[in-house]
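Participant: Next up is a structure, given as structure tokens.
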Amino acid sequence: MKKALLTSALLGFMTLSGAAHADYITLDWQEEGDSRAFLSEETGIEWLKLDETTGYSVSSIPSEFGEGGEFEGWRLATRAEVNALMDDIIDYELNEGTTYANWSSTDVPGIYEEFMSLFGLTHESGNSTYSYGYYANDFATTGLDGDVLMTGVNSTNGTRLYEDYEHASYSYTNTSSIVGVFLTADGGATLSTQQDPTLVSNNANAMANQVPVFTFGAGLLALGLIGFRKKGNGDA
């Protein structure tokens, strides 16, 4: 297992840097007021809370993405999306090649609290709380060996935060009752964005922001056909 442990001095810099975070909007997934998802205003990406997907594997959950499925309209989050979100929450970008980070509660209580408030609890037992999520390692060039990675926080033996955590037990088919799967969407997966599509206006992949490239060409073709018909009628 590859690990990189950040020093307390560096952690102090992280928590005091004070750069502005993106704003997050709580979303209703299936019913008014259920607050089971959220959206980053900066990216326009919808995120489902991790406590909704515990017990699923990275390979099994896509079967529920289609019409009528439990997670209709959602998709697997990419590693790049998870890391970009974490960069914003952490307020610090990990050095390239860092595969594991374990940070103590005395340095980063705010990070733990923000992550937990966004993604919910995937497990709670006594004084221990967990919020963990799986995602596919889709960056082959990083040198990571694991097919599936985990990012999350827990409060066991002090608050800890993991990013790109690699473990021998993690695989595409691995399931856990305390680990969810990171799911994202580009608009319309939640009741909130169905009712107000402008919420995802910053998401270039949102359906409403897609420019049909064929429209102009189709219009020219239609005009050409009309002209051809008129010319043909005139020659008859």
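Residues in the structure tokens are named by chain (A, B, ... in the order shown) and by number from 1 within that chain; ligands are numbered from 1 in the order shown.
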Leaving out segment 66-82 of chain A and any residue of its chain fewer than 2 positions from it, which residues lie within 6 Å of it when counting only C-alpha atoms, given as a PDB file with C-alpha atoms, in the first residue's frame?

Facilitator:
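See result01.pdb below for the written result:
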```
ATOM      1  CA  GLU A  64     -29.670   0.899 -11.684  1.00  0.00           C
ATOM      2  CA  ALA A  84     -11.661  18.322  -7.768  1.00  0.00           C
ATOM      3  CA  LEU A  85     -14.393  18.378  -5.141  1.00  0.00           C
ATOM      4  CA  PHE A 182     -19.802   8.299  -5.481  1.00  0.00           C
ATOM      5  CA  LEU A 183     -22.546   9.153  -7.973  1.00  0.00           C
ATOM      6  CA  THR A 184     -22.850  12.356  -9.989  1.00  0.00           C
ATOM      7  CA  ALA A 185     -25.221  13.742 -12.605  1.00  0.00           C
ATOM      8  CA  ALA A 189     -31.311  13.375 -11.750  1.00  0.00           C
TER       9      ALA A 189
END
```

Participant: Give me, as an mmCIF file with N, CA, C and O atoms, in the first residue's frame, all polymer residues having an atom no more than 10 Å from Gly187 of chain A, counting only C-alpha atoms and skipping those fewer than 4 positions away in the same chain.

Facilitator:
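The resulting file, part.cif, is shown below:
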```cif
data_model
loop_
_atom_site.group_PDB
_atom_site.id
_atom_site.type_symbol
_atom_site.label_atom_id
_atom_site.label_comp_id
_atom_site.auth_asym_id
_atom_site.auth_seq_id
_atom_site.Cartn_x
_atom_site.Cartn_y
_atom_site.Cartn_z
ATOM 1 N N LEU A 39 -25.425 20.112 -4.904
ATOM 2 C CA LEU A 39 -24.869 20.579 -6.170
ATOM 3 C C LEU A 39 -23.800 21.616 -5.908
ATOM 4 O O LEU A 39 -23.941 22.458 -5.023
ATOM 5 N N GLY A 44 -21.802 22.936 -11.431
ATOM 6 C CA GLY A 44 -23.131 22.521 -11.850
ATOM 7 C C GLY A 44 -23.331 21.019 -11.814
ATOM 8 O O GLY A 44 -24.266 20.491 -12.422
ATOM 9 N N ILE A 45 -22.474 20.302 -11.094
ATOM 10 C CA ILE A 45 -22.573 18.842 -10.990
ATOM 11 C C ILE A 45 -23.409 18.466 -9.769
ATOM 12 O O ILE A 45 -23.210 18.997 -8.678
ATOM 13 N N GLU A 46 -24.346 17.545 -9.965
ATOM 14 C CA GLU A 46 -25.138 17.010 -8.863
ATOM 15 C C GLU A 46 -24.387 15.845 -8.209
ATOM 16 O O GLU A 46 -23.769 15.035 -8.901
ATOM 17 N N GLY A 73 -30.795 8.203 -13.969
ATOM 18 C CA GLY A 73 -30.259 9.515 -14.290
ATOM 19 C C GLY A 73 -28.890 9.801 -13.698
ATOM 20 O O GLY A 73 -28.255 10.797 -14.063
ATOM 21 N N TRP A 74 -28.433 8.963 -12.775
ATOM 22 C CA TRP A 74 -27.116 9.168 -12.167
ATOM 23 C C TRP A 74 -26.049 8.420 -12.961
ATOM 24 O O TRP A 74 -26.349 7.622 -13.842
ATOM 25 N N LEU A 191 -35.085 15.943 -8.217
ATOM 26 C CA LEU A 191 -36.322 16.705 -8.356
ATOM 27 C C LEU A 191 -36.024 18.194 -8.470
ATOM 28 O O LEU A 191 -36.656 18.914 -9.256
ATOM 29 N N SER A 192 -35.024 18.649 -7.720
ATOM 30 C CA SER A 192 -34.690 20.080 -7.723
ATOM 31 C C SER A 192 -34.241 20.569 -9.088
ATOM 32 O O SER A 192 -34.668 21.634 -9.553
ATOM 33 N N THR A 193 -33.378 19.803 -9.764
ATOM 34 C CA THR A 193 -32.880 20.254 -11.072
ATOM 35 C C THR A 193 -33.885 19.992 -12.181
ATOM 36 O O THR A 193 -33.820 20.621 -13.231
ATOM 37 N N GLN A 194 -34.812 19.081 -11.960
ATOM 38 C CA GLN A 194 -35.911 18.904 -12.909
ATOM 39 C C GLN A 194 -36.827 20.122 -12.879
ATOM 40 O O GLN A 194 -37.293 20.593 -13.920
ATOM 41 N N ASP A 196 -35.933 23.146 -11.730
ATOM 42 C CA ASP A 196 -35.177 24.361 -12.040
ATOM 43 C C ASP A 196 -33.888 23.999 -12.766
ATOM 44 O O ASP A 196 -32.826 23.902 -12.150
ATOM 45 N N PRO A 197 -33.941 23.796 -14.084
ATOM 46 C CA PRO A 197 -32.745 23.415 -14.861
ATOM 47 C C PRO A 197 -31.635 24.456 -14.814
ATOM 48 O O PRO A 197 -30.480 24.131 -15.105
ATOM 49 N N THR A 198 -31.942 25.697 -14.438
ATOM 50 C CA THR A 198 -30.902 26.727 -14.388
ATOM 51 C C THR A 198 -29.877 26.452 -13.291
ATOM 52 O O THR A 198 -28.796 27.041 -13.291
ATOM 53 N N LEU A 199 -30.196 25.550 -12.359
ATOM 54 C CA LEU A 199 -29.253 25.208 -11.301
ATOM 55 C C LEU A 199 -27.971 24.610 -11.866
ATOM 56 O O LEU A 199 -26.908 24.725 -11.254
ATOM 57 N N VAL A 200 -28.067 23.963 -13.032
ATOM 58 C CA VAL A 200 -26.891 23.329 -13.634
ATOM 59 C C VAL A 200 -26.357 24.135 -14.815
ATOM 60 O O VAL A 200 -25.686 23.600 -15.694
ATOM 61 N N SER A 201 -26.633 25.428 -14.813
ATOM 62 C CA SER A 201 -26.233 26.272 -15.940
ATOM 63 C C SER A 201 -24.717 26.339 -16.118
ATOM 64 O O SER A 201 -24.225 26.622 -17.208
ATOM 65 N N ASN A 203 -22.758 23.779 -15.824
ATOM 66 C CA ASN A 203 -22.294 22.461 -16.242
ATOM 67 C C ASN A 203 -22.363 22.354 -17.763
ATOM 68 O O ASN A 203 -23.437 22.287 -18.346
ATOM 69 N N ASN A 205 -21.826 19.951 -19.579
ATOM 70 C CA ASN A 205 -22.369 18.668 -20.022
ATOM 71 C C ASN A 205 -23.867 18.545 -19.826
ATOM 72 O O ASN A 205 -24.461 17.533 -20.214
ATOM 73 N N ALA A 206 -24.475 19.556 -19.204
ATOM 74 C CA ALA A 206 -25.919 19.520 -18.996
ATOM 75 C C ALA A 206 -26.641 19.552 -20.337
ATOM 76 O O ALA A 206 -26.215 20.233 -21.271
ATOM 77 N N MET A 207 -27.735 18.820 -20.434
ATOM 78 C CA MET A 207 -28.472 18.718 -21.681
ATOM 79 C C MET A 207 -28.875 20.085 -22.213
ATOM 80 O O MET A 207 -28.792 20.349 -23.406
ATOM 81 N N ALA A 208 -29.293 20.964 -21.300
ATOM 82 C CA ALA A 208 -29.750 22.292 -21.721
ATOM 83 C C ALA A 208 -28.619 23.123 -22.312
ATOM 84 O O ALA A 208 -28.865 24.075 -23.052
#
```

Participant: How far is it from atom CA of Gln195 of chain A to atom CA of Tyr24 of chain A, in Å with one decimal?

Facilitator: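 Computed distance, atom CA of Gln195 of chain A to atom CA of Tyr24 of chain A, equals 17.6 Å.
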
Participant: Run DSSP on the backbone of this structure and report the residues of segment 157-209 of chain A it assigns to strand (DSSP E or B), as a PyMOL selection string.

Facilitator: chain A and resi 160-165+179-181+183-185

Participant: Report as an MDAnalysis selection string all protein, DNA and RNA residues lying within 12 Å of Glu113 of chain A, evaluated on only C-alpha atoms, omitting residues in the same chain fewer than 3 positions from it.

Facilitator: chainID A and resid 89:90 105 108:110 116:121 129:131 152:155 159:161

Participant: Output the selection as a short mmCIF file (atom, residue, chain, number, x, y, z; two decimals), in the first residue's frame - C-alpha atoms for each residue.

Facilitator:
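The resulting file, result.cif, is reproduced below:
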```
data_model
loop_
_atom_site.label_atom_id
_atom_site.label_comp_id
_atom_site.auth_asym_id
_atom_site.auth_seq_id
_atom_site.Cartn_x
_atom_site.Cartn_y
_atom_site.Cartn_z
CA ILE A 89 -13.24 21.16 0.44
CA ILE A 90 -9.66 20.67 1.61
CA SER A 105 -8.53 15.72 13.97
CA VAL A 108 -8.58 19.48 10.11
CA PRO A 109 -11.90 19.41 12.01
CA GLY A 110 -13.47 21.74 9.48
CA MET A 116 -19.84 14.76 6.52
CA SER A 117 -22.45 17.48 6.08
CA LEU A 118 -22.34 17.13 2.30
CA PHE A 119 -22.25 13.34 1.96
CA GLY A 120 -23.98 12.13 5.11
CA LEU A 121 -23.07 9.18 7.34
CA THR A 129 -18.83 7.88 12.44
CA TYR A 130 -17.93 7.13 8.82
CA SER A 131 -18.59 8.73 5.46
CA GLY A 152 -13.91 9.72 2.95
CA VAL A 153 -13.70 10.69 6.62
CA ASN A 154 -14.12 8.95 9.96
CA SER A 155 -13.94 9.86 13.61
CA THR A 159 -10.85 12.48 12.89
CA ARG A 160 -9.22 11.17 9.73
CA LEU A 161 -9.61 12.03 6.09
#
```

Participant: Quick one: distance from atom CA of Asn83 of chain A to atom CA of Thr175 of chain A in Å, one decimal?

Facilitator: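 Distance reported for this atom pair: 21.6 Å.
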